[in-house]
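The block underneath contains the structure these notes are about, expressed in structure tokens.
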Amino acid sequence: MSASVRQAREEDYEDVVSVVDGVWDDRETADYVPDVFREWVATDGPSQRTVVVEVDGTVVGLCQAVLLTDYDAYVQGIRVDPAHRGAGHGLSMLGRLFEWASDRGAIVARGMVFSWNDAGLGQAVAAGLEPESAFRWARPTPTEVEPSVSVEHDPAAAWSYWTRSDGRTALSGVTLDTDRSWAVAELTRERVERLADEQAVFAVMGDGTRGMACRVRTTADAGSDGTLAEYAVGTWADTDAADALFDAIRADAAELGVDGTRVFIPETPRHVAEAAYVRANTSDWPTFVLSADLTGT
């Protein structure tokens, strides 16, 4: 069999649908790739590249890389037809994308894989990505409520807490990207200050700062007709701080008039248990973040 990696084309759509067909049949979560593939192809350019691997004229795999910052790249949609797994196709595609990203200045590439996706995790590791951290979604319901302790719109205080928090350590400094949904990148002080100007930043006050969160966007809720407020990260020191932080998020979302929320929180026993304690409606499973060092590429 003759295999080659090339940039994706619109006419690859039917082959791509065949590759991903039935991948997640045993889950309520549907594979998003058929819904976005044509858009990926149409928007490829200097900061985005979508590739496929072709065997004897048929596409059997695909993947995309996006440049998020001058040094952060994000890879997504790694798919290989089950009948062609084990042949190194994932490694070939990611190798091509790592080279593309490195040539444009990226020094790290990251991707996300659901914790239940054994095939995806194994494929990502085989292709050169290493486990870095894990997160879970909290989904507090929008509610008009007053936090029990002071929560300020203070980016300096929020950044100060983030830099010394165990949440930052657990997440390896990575949160939801500020510009692109379903992507992760390092949270910087510049980004926190930008979010304070353009969205919202929260700092739980008390004996010093006790927690922080940042809103990044409002977006359509995939799979429903509703809207979501997305928060790049939420982390806190104790249950009192968690209660105040999630109440601030509830009130913020209610003021925005959205139908729901999605908050990126560290996957640690403390954070998940305390989020449950304050009724923040955590997701059923974590998602893993994996990364690759591109400096030697």
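Convention: chains lettered A, B, ... in structure tokens order; per-chain residue numbering from 1; ligands numbered from 1 as shown.
Within the 6 Å cut-off around segment 147-149 of chain A, using only C-alpha atoms and omitting residues fewer than 3 positions from it on the same chain, the listed residues are Ala244, Asp247 and Ala248 of chain A.
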Contacts of Val51 of chain A within 8 Å, only C-alpha atoms, excl. fewer than 3 positions in-chain, as an mmCIF file with N, CA and C atoms, in the first residue's frame:
```cif
data_model
loop_
_atom_site.group_PDB
_atom_site.id
_atom_site.type_symbol
_atom_site.label_atom_id
_atom_site.label_comp_id
_atom_site.auth_asym_id
_atom_site.auth_seq_id
_atom_site.Cartn_x
_atom_site.Cartn_y
_atom_site.Cartn_z
ATOM 1 N N VAL A 5 0.891 11.870 2.950
ATOM 2 C CA VAL A 5 0.220 12.933 3.704
ATOM 3 C C VAL A 5 0.178 14.176 2.830
ATOM 4 N N ARG A 6 -0.988 14.793 2.734
ATOM 5 C CA ARG A 6 -1.145 16.012 1.939
ATOM 6 C C ARG A 6 -2.165 16.916 2.604
ATOM 7 N N GLN A 7 -2.241 18.156 2.129
ATOM 8 C CA GLN A 7 -3.242 19.082 2.640
ATOM 9 C C GLN A 7 -4.635 18.622 2.205
ATOM 10 N N ALA A 8 -5.594 18.795 3.106
ATOM 11 C CA ALA A 8 -6.961 18.346 2.842
ATOM 12 C C ALA A 8 -7.622 19.198 1.770
ATOM 13 N N LEU A 62 -7.136 11.962 9.145
ATOM 14 C CA LEU A 62 -7.069 13.418 9.043
ATOM 15 C C LEU A 62 -6.619 14.009 10.369
ATOM 16 N N CYS A 63 -6.195 15.262 10.324
ATOM 17 C CA CYS A 63 -5.777 15.992 11.517
ATOM 18 C C CYS A 63 -5.628 17.460 11.141
ATOM 19 N N GLN A 64 -5.750 18.340 12.141
ATOM 20 C CA GLN A 64 -5.580 19.775 11.910
ATOM 21 C C GLN A 64 -4.688 20.391 12.973
ATOM 22 N N MET A 93 0.958 12.129 10.065
ATOM 23 C CA MET A 93 0.222 13.388 9.968
ATOM 24 C C MET A 93 0.709 14.398 10.993
ATOM 25 N N LEU A 97 2.463 18.132 10.634
ATOM 26 C CA LEU A 97 1.910 19.336 11.253
ATOM 27 C C LEU A 97 2.867 19.943 12.272
#
```
Quick one, how far is atom CA of Val204 of chain A from atom CA of Thr69 of chain A?
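If I compute the distance from atom CA of Val204 of chain A to atom CA of Thr69 of chain A, I get 28.7 Å.
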Need the shell around segment 157-170 of chain A: protein/DNA/RNA residues with any atom at most 10 Å away, counting only C-alpha atoms. Skip same-chain ones fewer than 5 positions apart. Format as a JSON list (two decimals) with N, CA, C and O atoms, in the first residue's frame?
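As a result, around-v1.json now contains:
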```json
[["chain", "number", "residue", "atom", "x", "y", "z"],
["A", 132, "GLU", "N", -0.11, 15.78, 29.83],
["A", 132, "GLU", "CA", 0.35, 16.98, 30.53],
["A", 132, "GLU", "C", -0.53, 17.32, 31.73],
["A", 132, "GLU", "O", -0.04, 17.59, 32.82],
["A", 133, "SER", "N", -1.86, 17.29, 31.55],
["A", 133, "SER", "CA", -2.77, 17.67, 32.64],
["A", 133, "SER", "C", -4.16, 17.17, 32.31],
["A", 133, "SER", "O", -4.38, 16.55, 31.26],
["A", 134, "ALA", "N", -5.10, 17.45, 33.21],
["A", 134, "ALA", "CA", -6.49, 17.04, 33.01],
["A", 134, "ALA", "C", -7.41, 18.10, 33.57],
["A", 134, "ALA", "O", -7.08, 18.77, 34.56],
["A", 135, "PHE", "N", -8.58, 18.25, 32.95],
["A", 135, "PHE", "CA", -9.57, 19.21, 33.43],
["A", 135, "PHE", "C", -10.95, 18.58, 33.37],
["A", 135, "PHE", "O", -11.16, 17.54, 32.73],
["A", 152, "GLU", "N", -14.36, 40.60, 43.17],
["A", 152, "GLU", "CA", -14.04, 41.83, 42.47],
["A", 152, "GLU", "C", -13.63, 41.57, 41.02],
["A", 152, "GLU", "O", -13.09, 40.51, 40.69],
["A", 175, "THR", "N", -5.09, 26.86, 30.09],
["A", 175, "THR", "CA", -6.54, 27.06, 30.23],
["A", 175, "THR", "C", -7.16, 27.07, 28.83],
["A", 175, "THR", "O", -6.47, 26.91, 27.83],
["A", 187, "LEU", "N", -2.09, 30.43, 29.90],
["A", 187, "LEU", "CA", -2.69, 31.68, 30.35],
["A", 187, "LEU", "C", -1.58, 32.64, 30.75],
["A", 187, "LEU", "O", -0.73, 32.31, 31.58],
["A", 188, "THR", "N", -1.57, 33.82, 30.16],
["A", 188, "THR", "CA", -0.57, 34.83, 30.47],
["A", 188, "THR", "C", -1.22, 36.04, 31.12],
["A", 188, "THR", "O", -2.45, 36.23, 31.04],
["A", 189, "ARG", "N", -0.40, 36.88, 31.75],
["A", 189, "ARG", "CA", -0.94, 38.10, 32.37],
["A", 189, "ARG", "C", -1.58, 38.99, 31.31],
["A", 189, "ARG", "O", -2.64, 39.60, 31.56],
["A", 190, "GLU", "N", -0.97, 39.08, 30.15],
["A", 190, "GLU", "CA", -1.53, 39.89, 29.07],
["A", 190, "GLU", "C", -2.93, 39.42, 28.71],
["A", 190, "GLU", "O", -3.84, 40.23, 28.48],
["A", 191, "ARG", "N", -3.14, 38.09, 28.69],
["A", 191, "ARG", "CA", -4.45, 37.57, 28.35],
["A", 191, "ARG", "C", -5.48, 37.87, 29.44],
["A", 191, "ARG", "O", -6.63, 38.18, 29.14],
["A", 192, "VAL", "N", -5.06, 37.77, 30.69],
["A", 192, "VAL", "CA", -5.98, 38.11, 31.79],
["A", 192, "VAL", "C", -6.40, 39.57, 31.69],
["A", 192, "VAL", "O", -7.59, 39.91, 31.83],
["A", 193, "GLU", "N", -5.46, 40.46, 31.44],
["A", 193, "GLU", "CA", -5.78, 41.88, 31.32],
["A", 193, "GLU", "C", -6.68, 42.15, 30.12],
["A", 193, "GLU", "O", -7.60, 42.98, 30.19],
["A", 196, "ALA", "N", -10.14, 41.10, 31.02],
["A", 196, "ALA", "CA", -10.76, 42.08, 31.91],
["A", 196, "ALA", "C", -11.36, 43.24, 31.12],
["A", 196, "ALA", "O", -12.41, 43.77, 31.48],
["A", 201, "VAL", "N", -13.36, 39.24, 34.42],
["A", 201, "VAL", "CA", -12.40, 38.54, 35.28],
["A", 201, "VAL", "C", -12.89, 38.67, 36.71],
["A", 201, "VAL", "O", -13.37, 39.73, 37.12],
["A", 202, "PHE", "N", -12.78, 37.59, 37.48],
["A", 202, "PHE", "CA", -13.28, 37.57, 38.86],
["A", 202, "PHE", "C", -12.15, 37.21, 39.82],
["A", 202, "PHE", "O", -11.37, 36.29, 39.55],
["A", 203, "ALA", "N", -12.10, 37.91, 40.94],
["A", 203, "ALA", "CA", -11.16, 37.61, 42.01],
["A", 203, "ALA", "C", -11.92, 37.55, 43.32],
["A", 203, "ALA", "O", -12.58, 38.51, 43.72],
["A", 204, "VAL", "N", -11.88, 36.39, 43.98],
["A", 204, "VAL", "CA", -12.54, 36.21, 45.28],
["A", 204, "VAL", "C", -11.63, 36.80, 46.34],
["A", 204, "VAL", "O", -10.47, 36.39, 46.49],
["A", 205, "MET", "N", -12.15, 37.80, 47.09],
["A", 205, "MET", "CA", -11.34, 38.51, 48.06],
["A", 205, "MET", "C", -11.59, 37.98, 49.46],
["A", 205, "MET", "O", -12.56, 37.27, 49.72],
["A", 208, "GLY", "N", -6.42, 38.07, 51.57],
["A", 208, "GLY", "CA", -5.76, 37.88, 50.29],
["A", 208, "GLY", "C", -6.76, 37.37, 49.27],
["A", 208, "GLY", "O", -7.93, 37.17, 49.57],
["A", 209, "THR", "N", -6.32, 37.15, 48.04],
["A", 209, "THR", "CA", -7.20, 36.62, 47.01],
["A", 209, "THR", "C", -7.35, 35.12, 47.21],
["A", 209, "THR", "O", -6.38, 34.41, 47.43],
["A", 210, "ARG", "N", -8.60, 34.63, 47.10],
["A", 210, "ARG", "CA", -8.90, 33.24, 47.44],
["A", 210, "ARG", "C", -9.41, 32.42, 46.24],
["A", 210, "ARG", "O", -9.69, 31.25, 46.38],
["A", 211, "GLY", "N", -9.51, 33.05, 45.10],
["A", 211, "GLY", "CA", -9.97, 32.32, 43.92],
["A", 211, "GLY", "C", -10.03, 33.25, 42.73],
["A", 211, "GLY", "O", -9.96, 34.47, 42.87],
["A", 212, "MET", "N", -10.13, 32.69, 41.53],
["A", 212, "MET", "CA", -10.21, 33.51, 40.32],
["A", 212, "MET", "C", -10.89, 32.74, 39.20],
["A", 212, "MET", "O", -10.93, 31.51, 39.18],
["A", 213, "ALA", "N", -11.42, 33.51, 38.25],
["A", 213, "ALA", "CA", -12.00, 32.95, 37.03],
["A", 213, "ALA", "C", -11.95, 34.02, 35.95],
["A", 213, "ALA", "O", -11.86, 35.22, 36.24],
["A", 214, "CYS", "N", -12.01, 33.58, 34.68],
["A", 214, "CYS", "CA", -12.03, 34.49, 33.53],
["A", 214, "CYS", "C", -13.08, 34.02, 32.54],
["A", 214, "CYS", "O", -13.07, 32.85, 32.16],
["A", 233, "VAL", "N", -11.04, 29.44, 32.91],
["A", 233, "VAL", "CA", -10.59, 28.68, 34.07],
["A", 233, "VAL", "C", -11.34, 29.16, 35.30],
["A", 233, "VAL", "O", -11.78, 30.31, 35.36],
["A", 234, "GLY", "N", -11.48, 28.26, 36.26],
["A", 234, "GLY", "CA", -11.96, 28.62, 37.59],
["A", 234, "GLY", "C", -11.16, 27.82, 38.59],
["A", 234, "GLY", "O", -11.02, 26.60, 38.46],
["A", 235, "THR", "N", -10.58, 28.48, 39.57],
["A", 235, "THR", "CA", -9.83, 27.79, 40.62],
["A", 235, "THR", "C", -9.93, 28.59, 41.90],
["A", 235, "THR", "O", -10.14, 29.80, 41.88],
["A", 236, "TRP", "N", -9.81, 27.91, 43.04],
["A", 236, "TRP", "CA", -10.13, 28.53, 44.32],
["A", 236, "TRP", "C", -9.39, 27.82, 45.45],
["A", 236, "TRP", "O", -8.83, 26.73, 45.26],
["A", 237, "ALA", "N", -9.43, 28.42, 46.65],
["A", 237, "ALA", "CA", -8.63, 27.93, 47.78],
["A", 237, "ALA", "C", -9.38, 26.97, 48.68],
["A", 237, "ALA", "O", -8.77, 26.09, 49.30],
["A", 265, "ILE", "N", -12.16, 23.60, 34.93],
["A", 265, "ILE", "CA", -11.61, 23.50, 36.29],
["A", 265, "ILE", "C", -10.58, 22.37, 36.35],
["A", 265, "ILE", "O", -10.64, 21.41, 35.56],
["A", 266, "PRO", "N", -9.62, 22.45, 37.27],
["A", 266, "PRO", "CA", -8.60, 21.40, 37.37],
["A", 266, "PRO", "C", -9.21, 20.06, 37.76],
["A", 266, "PRO", "O", -10.11, 19.99, 38.60],
["A", 267, "GLU", "N", -8.71, 19.00, 37.17],
["A", 267, "GLU", "CA", -9.14, 17.65, 37.52],
["A", 267, "GLU", "C", -8.28, 17.15, 38.69],
["A", 267, "GLU", "O", -7.32, 16.39, 38.51],
["A", 268, "THR", "N", -8.62, 17.65, 39.88],
["A", 268, "THR", "CA", -8.00, 17.14, 41.11],
["A", 268, "THR", "C", -9.13, 16.69, 42.03],
["A", 268, "THR", "O", -10.26, 17.20, 41.92],
["A", 270, "ARG", "N", -9.69, 17.48, 45.05],
["A", 270, "ARG", "CA", -10.22, 18.62, 45.81],
["A", 270, "ARG", "C", -11.11, 19.50, 44.96],
["A", 270, "ARG", "O", -12.24, 19.84, 45.37],
["A", 271, "HIS", "N", -10.63, 19.88, 43.80],
["A", 271, "HIS", "CA", -11.43, 20.80, 42.98],
["A", 271, "HIS", "C", -12.75, 20.17, 42.54],
["A", 271, "HIS", "O", -13.80, 20.82, 42.57]]
```
Nearest to Ala280 of chain A, chosen from A:Thr219, A:Thr261, A:Ser2, A:Ser115, with only C-alpha atoms counted in the distances:
A:Thr261
Pick out each residue of segment 33-270 of chain A that DSSP on the backbone tags as strand (DSSP E); I need them as a PyMOL selection string.
chain A and resi 48-55+58-67+72-80+108-114+130-138+151-152+174-176+184-186+200-204+211-220+227-236+260-266
Store the residues picked out above, limited to C-alpha atoms, as a PDB file, in the first residue's frame.
```pdb
ATOM      1  CA  GLN A  48      -4.107  26.825  10.171  1.00  0.00           C
ATOM      2  CA  ARG A  49      -3.380  23.597   8.302  1.00  0.00           C
ATOM      3  CA  THR A  50      -5.600  20.530   7.784  1.00  0.00           C
ATOM      4  CA  VAL A  51      -4.009  17.362   6.434  1.00  0.00           C
ATOM      5  CA  VAL A  52      -5.150  13.888   5.423  1.00  0.00           C
ATOM      6  CA  VAL A  53      -3.304  10.630   4.913  1.00  0.00           C
ATOM      7  CA  GLU A  54      -4.165   8.878   1.681  1.00  0.00           C
ATOM      8  CA  VAL A  55      -3.650   5.155   0.997  1.00  0.00           C
ATOM      9  CA  THR A  58      -8.483   6.794  -0.428  1.00  0.00           C
ATOM     10  CA  VAL A  59      -8.316   9.103   2.585  1.00  0.00           C
ATOM     11  CA  VAL A  60      -7.918   7.018   5.761  1.00  0.00           C
ATOM     12  CA  GLY A  61      -7.010   9.708   8.302  1.00  0.00           C
ATOM     13  CA  LEU A  62      -7.069  13.418   9.043  1.00  0.00           C
ATOM     14  CA  CYS A  63      -5.777  15.992  11.517  1.00  0.00           C
ATOM     15  CA  GLN A  64      -5.580  19.775  11.910  1.00  0.00           C
ATOM     16  CA  ALA A  65      -3.117  22.185  13.527  1.00  0.00           C
ATOM     17  CA  VAL A  66      -3.820  25.799  14.481  1.00  0.00           C
ATOM     18  CA  LEU A  67      -1.386  28.484  15.648  1.00  0.00           C
ATOM     19  CA  ASP A  72       1.483  27.772  21.022  1.00  0.00           C
ATOM     20  CA  ALA A  73       0.055  25.361  18.463  1.00  0.00           C
ATOM     21  CA  TYR A  74      -3.059  23.250  18.921  1.00  0.00           C
ATOM     22  CA  VAL A  75      -3.807  19.952  17.169  1.00  0.00           C
ATOM     23  CA  GLN A  76      -7.287  18.494  16.860  1.00  0.00           C
ATOM     24  CA  GLY A  77      -9.428  16.034  14.970  1.00  0.00           C
ATOM     25  CA  ILE A  78      -6.833  13.234  14.925  1.00  0.00           C
ATOM     26  CA  ARG A  79      -8.698  10.407  13.225  1.00  0.00           C
ATOM     27  CA  VAL A  80      -7.498   7.202  11.550  1.00  0.00           C
ATOM     28  CA  VAL A 108       4.796  23.518  21.851  1.00  0.00           C
ATOM     29  CA  ALA A 109       1.775  21.729  20.416  1.00  0.00           C
ATOM     30  CA  ARG A 110      -1.163  20.575  22.527  1.00  0.00           C
ATOM     31  CA  GLY A 111      -4.301  18.568  22.021  1.00  0.00           C
ATOM     32  CA  MET A 112      -7.305  17.381  24.076  1.00  0.00           C
ATOM     33  CA  VAL A 113      -8.708  13.852  24.266  1.00  0.00           C
ATOM     34  CA  PHE A 114     -11.730  12.670  26.259  1.00  0.00           C
ATOM     35  CA  GLU A 130       2.694  13.247  26.114  1.00  0.00           C
ATOM     36  CA  PRO A 131       0.094  13.529  28.918  1.00  0.00           C
ATOM     37  CA  GLU A 132       0.346  16.982  30.526  1.00  0.00           C
ATOM     38  CA  SER A 133      -2.766  17.674  32.636  1.00  0.00           C
ATOM     39  CA  ALA A 134      -6.490  17.039  33.005  1.00  0.00           C
ATOM     40  CA  PHE A 135      -9.571  19.212  33.432  1.00  0.00           C
ATOM     41  CA  ARG A 136     -13.296  18.815  33.951  1.00  0.00           C
ATOM     42  CA  TRP A 137     -16.218  21.062  33.059  1.00  0.00           C
ATOM     43  CA  ALA A 138     -18.314  22.701  35.745  1.00  0.00           C
ATOM     44  CA  VAL A 151     -15.791  39.019  44.338  1.00  0.00           C
ATOM     45  CA  GLU A 152     -14.039  41.832  42.470  1.00  0.00           C
ATOM     46  CA  VAL A 174      -2.901  25.934  30.569  1.00  0.00           C
ATOM     47  CA  THR A 175      -6.537  27.058  30.227  1.00  0.00           C
ATOM     48  CA  LEU A 176      -9.116  27.486  27.483  1.00  0.00           C
ATOM     49  CA  VAL A 184      -6.076  25.229  25.111  1.00  0.00           C
ATOM     50  CA  ALA A 185      -3.072  27.510  25.549  1.00  0.00           C
ATOM     51  CA  GLU A 186      -0.940  28.981  28.311  1.00  0.00           C
ATOM     52  CA  ALA A 200     -14.937  39.528  32.624  1.00  0.00           C
ATOM     53  CA  VAL A 201     -12.398  38.544  35.279  1.00  0.00           C
ATOM     54  CA  PHE A 202     -13.276  37.567  38.859  1.00  0.00           C
ATOM     55  CA  ALA A 203     -11.156  37.607  42.005  1.00  0.00           C
ATOM     56  CA  VAL A 204     -12.537  36.210  45.277  1.00  0.00           C
ATOM     57  CA  GLY A 211      -9.965  32.317  43.917  1.00  0.00           C
ATOM     58  CA  MET A 212     -10.209  33.507  40.318  1.00  0.00           C
ATOM     59  CA  ALA A 213     -12.000  32.948  37.029  1.00  0.00           C
ATOM     60  CA  CYS A 214     -12.030  34.495  33.535  1.00  0.00           C
ATOM     61  CA  ARG A 215     -14.866  34.595  31.024  1.00  0.00           C
ATOM     62  CA  VAL A 216     -13.691  34.131  27.437  1.00  0.00           C
ATOM     63  CA  ARG A 217     -16.804  34.151  25.257  1.00  0.00           C
ATOM     64  CA  THR A 218     -20.459  33.396  24.755  1.00  0.00           C
ATOM     65  CA  THR A 219     -21.208  30.738  22.174  1.00  0.00           C
ATOM     66  CA  ALA A 220     -23.904  28.452  20.841  1.00  0.00           C
ATOM     67  CA  THR A 227     -26.208  29.680  24.384  1.00  0.00           C
ATOM     68  CA  LEU A 228     -23.290  29.275  26.787  1.00  0.00           C
ATOM     69  CA  ALA A 229     -20.959  31.573  28.662  1.00  0.00           C
ATOM     70  CA  GLU A 230     -17.504  29.949  28.600  1.00  0.00           C
ATOM     71  CA  TYR A 231     -14.944  30.557  31.336  1.00  0.00           C
ATOM     72  CA  ALA A 232     -11.268  29.921  30.559  1.00  0.00           C
ATOM     73  CA  VAL A 233     -10.586  28.676  34.075  1.00  0.00           C
ATOM     74  CA  GLY A 234     -11.961  28.618  37.588  1.00  0.00           C
ATOM     75  CA  THR A 235      -9.831  27.788  40.620  1.00  0.00           C
ATOM     76  CA  TRP A 236     -10.134  28.525  44.324  1.00  0.00           C
ATOM     77  CA  GLY A 260     -25.900  27.755  30.498  1.00  0.00           C
ATOM     78  CA  THR A 261     -22.226  27.901  31.425  1.00  0.00           C
ATOM     79  CA  ARG A 262     -19.047  25.906  30.919  1.00  0.00           C
ATOM     80  CA  VAL A 263     -16.131  26.441  33.325  1.00  0.00           C
ATOM     81  CA  PHE A 264     -12.710  24.803  32.857  1.00  0.00           C
ATOM     82  CA  ILE A 265     -11.612  23.496  36.289  1.00  0.00           C
ATOM     83  CA  PRO A 266      -8.597  21.401  37.374  1.00  0.00           C
TER      84      PRO A 266
END
```
If we count only C-alpha atoms and set the cut-off at 10 Å, which residues sit around Glu11 of chain A, ignoring sequence neighbours fewer than 5 positions away in its own chain? Please answer as a PyMOL selection string.
chain A and resi 16+38+41
Could you pull out all residues of segment 14-226 of chain A with a DSSP call of alpha helix (DSSP H) and give them as a PyMOL selection string?
chain A and resi 14-20+33-43+89-103+118-126+155-164+166-170+189-198
Residues within 6 Å of Pro142 of chain A, only C-alpha atoms, excluding chain neighbours under 3 positions, as a VMD selection string:
chain A and resid 250 253 to 254
Go ahead and save the residues from that selection, with N, CA, C and O atoms, as a short mmCIF file (atom, residue, chain, number, x, y, z; two decimals), in the first residue's frame.
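Okay, result03.cif is ready:
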```
data_model
loop_
_atom_site.label_atom_id
_atom_site.label_comp_id
_atom_site.auth_asym_id
_atom_site.auth_seq_id
_atom_site.Cartn_x
_atom_site.Cartn_y
_atom_site.Cartn_z
N ARG A 250 -22.53 32.37 38.21
CA ARG A 250 -23.98 32.24 38.00
C ARG A 250 -24.60 33.60 37.71
O ARG A 250 -25.41 33.75 36.79
N ALA A 253 -23.54 35.02 34.27
CA ALA A 253 -24.24 34.35 33.18
C ALA A 253 -25.70 34.79 33.10
O ALA A 253 -26.26 34.97 32.01
N ALA A 254 -26.32 34.98 34.27
CA ALA A 254 -27.71 35.44 34.28
C ALA A 254 -27.82 36.84 33.68
O ALA A 254 -28.75 37.14 32.93
#
```
Name the closest residue to Gly296 of chain A among the candidates A:Ser102, A:Thr43, A:Thr143, A:Ser92; distances are taken between atoms, counting only C-alpha atoms.
A:Ser102
Between atom CA of Glu274 of chain A and atom CA of Phe246 of chain A, what is the distance, to one decimal in Å?
10.9 Å
